[in-house]
Amino acid sequence: MSEIIKLENVEKIYNLGKPNELKVLDNIDLKIKKGEMVTLFGPSGSGKSTLLHIIGCLDRPTKGKLYIDGEDVSKLSDDKLALIRRKKMGFIFQQFNLINVFTALENVEMPMKVANINKDKSRKRAEELLKLVNLSERMDHFPSELSGGEMQRVAIARALANEPSVILADEPTGNLDSKNGKEIFDLMLKLNSKGYTFIIVTHDPNIAKGVKRKISLKDGRIVGGN
Amino acid sequence: MNDLIDLAIKNILRQKTRTILTVVGILIGIAAVVALGSISEGMKSMMNQEMQFLGGTIMVSSKGSSGLMFGGGGSEISKYDLANFEDFSGVKQVVPYVMKMGQIQIGQGSPVEIIGIRSEDVDYFKSKGTELDSGRLIETGDTYQALIGYKYAEDNGLGIGDTVEVKKDSYEVVGIIEKTDTNMDNSIILPLETMMTTYNIENYQSAFLIPEDLSKIQDVADDLKSSFDDFEFTTSSDITKQMSRIIDMISVFTIGISSIAAIVGGLGVVNTMIMSVLERKREIGIMKAIGATKKYILTEILLESVIISLIGGILGLLVGGVGSYSLRFVLSGLTEAKVTIPLAVGGLSFAVLLGLVGGFYPAWSAAKLDPIEAIRYE
């Protein structure tokens, strides 16, 4: 299988050249193949969130190279990175991060609106995606009318909207009880079996158990799972 | 773009009270610009109408008189002077006249203008395209006969054959002048000699000189100026220039003052948009994470501020229009307030400009938010 993500000697230093300079990632080499599901874990401060942000094109490496689908994106401008995120990345957050004034359906449509996809087409796809996450009955509900598990399912549907190459999840079950957490993980497994690639930052032992490839970080270095 | 407008409207409606207050800020500013601007527009159009009437003539008045067409003065031009003007080369016709202001009547606005002209000069009015509404003109041999303006007739319920009282003398109304939208609408025109008897005056107040060759009007006026030291000769273009300068000063002043109100309204937009961006910082971060570019965020926020100020502008235009209509009664007779199309377009463009300028800083600060930091924002 081909590599979707490739990091070469990636380093991230905050406040470069200042007295409070902080090296968060050091010499990271990593390859993730299409269809894989991997977890990033490690103690807090180990750099796993920063790594996820860099892979998700929300942040740039200070040194080294990041390839997405073979394209070097490590030096792209903010707007070029936004286009990469739009086309190739889906995000799932611990806080769900839905937009409160929009219904579930409108939230799922959002990435397609941003990508200027025609209204009928994006409406249809959003409905299909909400059906896929078992929320067809709740399409017109606002986030405040949904449970945590339901909100996270809307967020997953939103992450899938533009057929991303990779789905990045930052503690996706961190705000859910174990039952809802399990349901969300099961949904991710189901999507993974359909070919979606997942990179998950998590402390959840259930997820850790259920995923084959675990990449562990310590002090900004990969110490296992590579 | 439709999606963006939809999104902008949704966002605007999130904080209804705040939006309404911001709209009211713009509304007051634009209403002030439109209402006050309408006064100078009204003055301009009134001046143009009056000047059209004066066009092609040289006004004579004695130096030192408050002169010109606005009454006052006293007796200035003797019959002897008049004969001198009539003989002057280049002058075709001399139209002497006397003008007095009638008494101010409560509830009537400006006082009626009472004008005395010679019956042979009455044609002069016709040559300016002014027609009678009914009746006939003053003719040679008329003494206690009068023409009256359209508004004066209407206000006083006068018709042909009725009598108007001028200084205890009675004049018979023989004709009513059609509506002209100038001061003439509120005037009484009497045969010159009779009027001078009524008022017990011997000299003419002023006169129009009509040149033989209209294209040489300025030359004739200059010749007259060098020949008669005691008189002022003013062409309509001189008056237009002077009045335009005054009107322009009034315009700059009124529009300047009202623009301050509108700019304060614009600051309200800045304030609202800064608050709105701050409240939605996290959402903006999410939008950026899912692929919104700087331009997308910038456009969306700018749309919000432009929509707010455009609504303020449209409502301000309506309120300003009503205000301008009410000003008509306050200023009755002095001038009419007029909301012209350029004024309306100017008012709306000003509102949009306020939205763009006021929204730019908040929109730009939203557009360049770091998504990671913004998403973490509580």
# chains A, B, ... in the order shown; residues from 1 in each chain; ligands from 1

call {"tool": "interface_residues", "arguments": {"of": "chain A", "to": "chain B", "cutoff": "8 Å", "atoms": "only C-alpha atoms", "output": "list of chain:residue names"}}
result
A:His53, A:Leu58, A:Asp59, A:Asp78, A:Asp79, A:Ala82, A:Leu83, A:Ile84, A:Arg85, A:Arg86, A:Lys87, A:Met89, A:Gly90, A:Phe91, A:Asn97, A:Leu98, A:Ile99, A:Val101, A:Pro111, A:Lys113, A:Val114, A:Ala115

call {"tool": "write_last_selection", "arguments": {"atoms": "N, CA and C atoms", "output": "mmCIF file, in the first residue's frame"}}
result
data_model
loop_
_atom_site.group_PDB
_atom_site.id
_atom_site.type_symbol
_atom_site.label_atom_id
_atom_site.label_comp_id
_atom_site.auth_asym_id
_atom_site.auth_seq_id
_atom_site.Cartn_x
_atom_site.Cartn_y
_atom_site.Cartn_z
ATOM 1 N N HIS A 53 -0.959 18.029 14.850
ATOM 2 C CA HIS A 53 -1.196 19.315 14.173
ATOM 3 C C HIS A 53 -0.334 19.472 12.929
ATOM 4 N N LEU A 58 -2.054 21.976 10.251
ATOM 5 C CA LEU A 58 -2.456 23.138 11.043
ATOM 6 C C LEU A 58 -1.219 23.895 11.503
ATOM 7 N N ASP A 59 -0.082 23.242 11.423
ATOM 8 C CA ASP A 59 1.173 23.826 11.888
ATOM 9 C C ASP A 59 2.270 23.354 10.942
ATOM 10 N N ASP A 78 0.056 29.694 4.321
ATOM 11 C CA ASP A 78 -1.134 29.421 5.140
ATOM 12 C C ASP A 78 -2.324 29.015 4.284
ATOM 13 N N ASP A 79 -2.541 29.768 3.192
ATOM 14 C CA ASP A 79 -3.724 29.489 2.376
ATOM 15 C C ASP A 79 -3.593 28.180 1.605
ATOM 16 N N ALA A 82 -4.414 25.576 3.965
ATOM 17 C CA ALA A 82 -5.866 25.516 4.170
ATOM 18 C C ALA A 82 -6.506 24.663 3.073
ATOM 19 N N LEU A 83 -6.003 24.799 1.844
ATOM 20 C CA LEU A 83 -6.556 24.004 0.742
ATOM 21 C C LEU A 83 -6.250 22.515 0.922
ATOM 22 N N ILE A 84 -5.046 22.215 1.429
ATOM 23 C CA ILE A 84 -4.698 20.807 1.704
ATOM 24 C C ILE A 84 -5.636 20.248 2.793
ATOM 25 N N ARG A 85 -5.848 21.031 3.845
ATOM 26 C CA ARG A 85 -6.741 20.584 4.926
ATOM 27 C C ARG A 85 -8.137 20.329 4.379
ATOM 28 N N ARG A 86 -8.569 21.244 3.515
ATOM 29 C CA ARG A 86 -9.911 21.155 2.952
ATOM 30 C C ARG A 86 -10.090 19.860 2.171
ATOM 31 N N LYS A 87 -9.074 19.532 1.352
ATOM 32 C CA LYS A 87 -9.211 18.380 0.446
ATOM 33 C C LYS A 87 -8.825 17.067 1.106
ATOM 34 N N MET A 89 -7.807 16.435 4.679
ATOM 35 C CA MET A 89 -7.841 16.171 6.109
ATOM 36 C C MET A 89 -9.259 16.228 6.665
ATOM 37 N N GLY A 90 -9.521 15.322 7.608
ATOM 38 C CA GLY A 90 -10.759 15.432 8.380
ATOM 39 C C GLY A 90 -10.369 15.480 9.844
ATOM 40 N N PHE A 91 -10.983 16.380 10.591
ATOM 41 C CA PHE A 91 -10.602 16.520 12.002
ATOM 42 C C PHE A 91 -11.731 16.116 12.934
ATOM 43 N N ASN A 97 -16.452 20.496 18.895
ATOM 44 C CA ASN A 97 -16.285 21.697 18.078
ATOM 45 C C ASN A 97 -17.257 21.821 16.922
ATOM 46 N N LEU A 98 -18.516 21.598 17.232
ATOM 47 C CA LEU A 98 -19.546 21.893 16.233
ATOM 48 C C LEU A 98 -19.885 23.374 16.344
ATOM 49 N N ILE A 99 -20.513 23.903 15.299
ATOM 50 C CA ILE A 99 -20.922 25.305 15.361
ATOM 51 C C ILE A 99 -22.374 25.346 15.860
ATOM 52 N N VAL A 101 -24.846 27.424 16.173
ATOM 53 C CA VAL A 101 -26.037 27.994 15.526
ATOM 54 C C VAL A 101 -26.456 27.211 14.295
ATOM 55 N N PRO A 111 -17.847 21.990 5.592
ATOM 56 C CA PRO A 111 -16.607 21.849 4.809
ATOM 57 C C PRO A 111 -16.871 21.897 3.303
ATOM 58 N N LYS A 113 -19.341 23.651 1.901
ATOM 59 C CA LYS A 113 -19.592 25.063 1.584
ATOM 60 C C LYS A 113 -18.275 25.804 1.417
ATOM 61 N N VAL A 114 -17.372 25.548 2.357
ATOM 62 C CA VAL A 114 -16.067 26.200 2.289
ATOM 63 C C VAL A 114 -15.368 25.819 0.985
ATOM 64 N N ALA A 115 -15.593 24.565 0.530
ATOM 65 C CA ALA A 115 -14.957 24.099 -0.706
ATOM 66 C C ALA A 115 -15.766 24.495 -1.935
#

call {"tool": "select_by_dssp", "arguments": {"residues": "stretch 152-286 of chain B", "states": "alpha helix (DSSP H)", "output": "PyMOL selection string"}}
result
chain B and resi 152-156+192-199+217-227+236-279+281-286

call {"tool": "residues_around", "arguments": {"residues": "A:Val133", "least_positions_apart": "5", "cutoff": "8 Å", "atoms": "only C-alpha atoms", "output": "short mmCIF file (atom, residue, chain, number, x, y, z; two decimals) with N, CA and C atoms, in the first residue's frame"}}
result
data_model
loop_
_atom_site.label_atom_id
_atom_site.label_comp_id
_atom_site.auth_asym_id
_atom_site.auth_seq_id
_atom_site.Cartn_x
_atom_site.Cartn_y
_atom_site.Cartn_z
N ARG A 153 -20.61 12.05 16.68
CA ARG A 153 -20.94 11.39 15.41
C ARG A 153 -21.15 12.42 14.30
N VAL A 154 -21.79 13.58 14.67
CA VAL A 154 -21.92 14.66 13.69
C VAL A 154 -20.53 15.13 13.26
N ILE A 156 -17.82 13.41 13.22
CA ILE A 156 -17.20 12.41 12.34
C ILE A 156 -17.77 12.55 10.92
N ALA A 157 -19.08 12.73 10.84
CA ALA A 157 -19.69 12.93 9.52
C ALA A 157 -19.09 14.16 8.84
N LEU A 187 -17.52 3.02 15.51
CA LEU A 187 -17.81 3.71 14.25
C LEU A 187 -16.51 3.98 13.48
#

call {"tool": "select_by_dssp", "arguments": {"residues": "stretch 75-263 of chain B", "states": "strand (DSSP E)", "output": "VMD selection string"}}
result
chain B and resid 91 to 101 113 to 117 132 to 135 145 to 148 163 to 166 169 to 177 187 to 191 206 to 211 231 to 235

call {"tool": "residues_around", "arguments": {"residues": "B:Gly175", "least_positions_apart": "4", "cutoff": "9 Å", "atoms": "only C-alpha atoms", "output": "list in words"}}
result
Leu132, Asp133, Ser134, Gly135, Arg136, Leu137, Ile138, Gln145, Ala146, Leu147, Ile148, Gly149, Gly159, Ile160 and Gly161 of chain B

call {"tool": "write_last_selection", "arguments": {"atoms": "N, CA and C atoms", "output": "compact mmCIF listing (two decimals), in the first residue's frame"}}
result
# COMPACT_ATOMS: atom_id res chain seq x y z
N LEU B 132 -49.77 81.93 -17.84
CA LEU B 132 -50.84 82.17 -16.86
C LEU B 132 -51.61 80.89 -16.64
N ASP B 133 -52.04 80.71 -15.42
CA ASP B 133 -52.91 79.58 -15.10
C ASP B 133 -54.33 79.91 -15.56
N SER B 134 -54.72 81.17 -15.30
CA SER B 134 -56.04 81.62 -15.75
C SER B 134 -56.05 83.15 -15.81
N GLY B 135 -57.04 83.70 -16.47
CA GLY B 135 -57.18 85.16 -16.55
C GLY B 135 -56.31 85.76 -17.64
N ARG B 136 -55.96 87.01 -17.44
CA ARG B 136 -55.14 87.70 -18.45
C ARG B 136 -53.98 88.41 -17.78
N LEU B 137 -53.04 88.92 -18.63
CA LEU B 137 -51.91 89.68 -18.11
C LEU B 137 -52.35 91.11 -17.79
N ILE B 138 -51.45 91.86 -17.12
CA ILE B 138 -51.72 93.29 -16.93
C ILE B 138 -51.51 93.98 -18.28
N GLN B 145 -55.31 96.75 -11.04
CA GLN B 145 -55.48 95.36 -11.42
C GLN B 145 -54.22 94.60 -10.97
N ALA B 146 -54.35 93.31 -10.71
CA ALA B 146 -53.21 92.55 -10.18
C ALA B 146 -53.16 91.15 -10.77
N LEU B 147 -51.88 90.66 -10.89
CA LEU B 147 -51.67 89.23 -11.17
C LEU B 147 -51.23 88.63 -9.84
N ILE B 148 -51.66 87.41 -9.58
CA ILE B 148 -51.18 86.80 -8.33
C ILE B 148 -50.60 85.42 -8.61
N GLY B 149 -49.67 85.02 -7.73
CA GLY B 149 -49.02 83.71 -7.85
C GLY B 149 -49.98 82.57 -7.50
N GLY B 159 -59.72 84.00 -6.66
CA GLY B 159 -59.93 83.68 -8.07
C GLY B 159 -60.03 84.97 -8.88
N ILE B 160 -60.20 84.80 -10.18
CA ILE B 160 -60.31 85.97 -11.05
C ILE B 160 -61.52 86.81 -10.59
N GLY B 161 -61.31 88.14 -10.54
CA GLY B 161 -62.42 89.02 -10.14
C GLY B 161 -62.44 89.32 -8.66

call {"tool": "residues_around", "arguments": {"residues": "B:Val252", "least_positions_apart": "4", "cutoff": "12 Å", "atoms": "only C-alpha atoms", "output": "list in words"}}
result
Val33, Leu36, Gly37, Ile39, Ser40, Glu41, Ser244, Arg245, Ile246, Ile247, Asp248, Gly256, Ile257, Ser258 and Ser259 of chain B

call {"tool": "residues_around", "arguments": {"residues": "stretch 317-332 of chain B", "least_positions_apart": "4", "cutoff": "9 Å", "atoms": "only C-alpha atoms", "output": "MDAnalysis selection string"}}
result
chainID B and resid 27:28 30:39 108:110 312:313 336:339 344 347:348

call {"tool": "write_last_selection", "arguments": {"atoms": "C-alpha atoms", "output": "PDB file, in the first residue's frame"}}
result
ATOM      1  CA  LEU B  27     -29.306  54.816  10.606  1.00  0.00           C
ATOM      2  CA  ILE B  28     -28.970  58.047  12.599  1.00  0.00           C
ATOM      3  CA  ILE B  30     -27.108  58.351   7.305  1.00  0.00           C
ATOM      4  CA  ALA B  31     -30.483  59.950   8.114  1.00  0.00           C
ATOM      5  CA  ALA B  32     -28.627  63.090   9.223  1.00  0.00           C
ATOM      6  CA  VAL B  33     -26.509  63.105   6.058  1.00  0.00           C
ATOM      7  CA  VAL B  34     -29.580  62.685   3.869  1.00  0.00           C
ATOM      8  CA  ALA B  35     -31.833  65.152   5.690  1.00  0.00           C
ATOM      9  CA  LEU B  36     -29.212  67.884   5.968  1.00  0.00           C
ATOM     10  CA  GLY B  37     -27.845  67.159   2.503  1.00  0.00           C
ATOM     11  CA  SER B  38     -31.360  67.572   1.132  1.00  0.00           C
ATOM     12  CA  ILE B  39     -31.364  71.204   2.273  1.00  0.00           C
ATOM     13  CA  GLN B 108     -48.297  81.222   6.181  1.00  0.00           C
ATOM     14  CA  GLY B 109     -44.532  80.731   6.131  1.00  0.00           C
ATOM     15  CA  SER B 110     -42.683  83.390   4.174  1.00  0.00           C
ATOM     16  CA  GLY B 312     -28.712  51.008   8.527  1.00  0.00           C
ATOM     17  CA  GLY B 313     -28.160  52.956   5.321  1.00  0.00           C
ATOM     18  CA  GLU B 336     -37.240  73.305  -0.164  1.00  0.00           C
ATOM     19  CA  ALA B 337     -35.408  70.217   1.008  1.00  0.00           C
ATOM     20  CA  LYS B 338     -34.876  67.703  -1.746  1.00  0.00           C
ATOM     21  CA  VAL B 339     -33.601  64.116  -1.604  1.00  0.00           C
ATOM     22  CA  ALA B 344     -29.536  58.860  -1.973  1.00  0.00           C
ATOM     23  CA  GLY B 347     -25.845  58.125   1.429  1.00  0.00           C
ATOM     24  CA  LEU B 348     -26.025  54.397   0.680  1.00  0.00           C
TER      25      LEU B 348
END

call {"tool": "atom_distance", "arguments": {"atom1": "atom CA of B:Thr182", "atom2": "atom CA of B:Tyr199"}}
result
24.7 Å

call {"tool": "atom_distance", "arguments": {"atom1": "atom CA of B:Met184", "atom2": "atom CA of B:Leu343"}}
result
27.2 Å

call {"tool": "residues_around", "arguments": {"residues": "B:Glu232", "least_positions_apart": "5", "cutoff": "7 Å", "atoms": "only C-alpha atoms", "output": "list in words"}}
result
Val60, Ser61, Ser62, Lys63 and Lys225 of chain B

call {"tool": "closest_atom_pairs", "arguments": {"of": "stretch 125-186 of chain A", "to": "stretch 60-76 of chain A", "cutoff": "12 Å", "atoms": "only C-alpha atoms", "output": "Markdown table"}}
result
| residue | atom | partner | partner_atom | distance |
| --- | --- | --- | --- | --- |
| A:Pro164 | CA | A:Asp69 | CA | 11.3 |
| A:Ser165 | CA | A:Asp69 | CA | 8.2 |
| A:Val166 | CA | A:Ile68 | CA | 9.5 |

call {"tool": "atom_distance", "arguments": {"atom1": "atom CA of B:Phe85", "atom2": "atom CA of B:Pro191"}}
result
20.9 Å

call {"tool": "closest_residue", "arguments": {"among": "A:Asn116, A:Glu36, A:Gly149, A:Glu8", "to": "A:Lys194", "atoms": "only C-alpha atoms"}}
result
A:Glu36
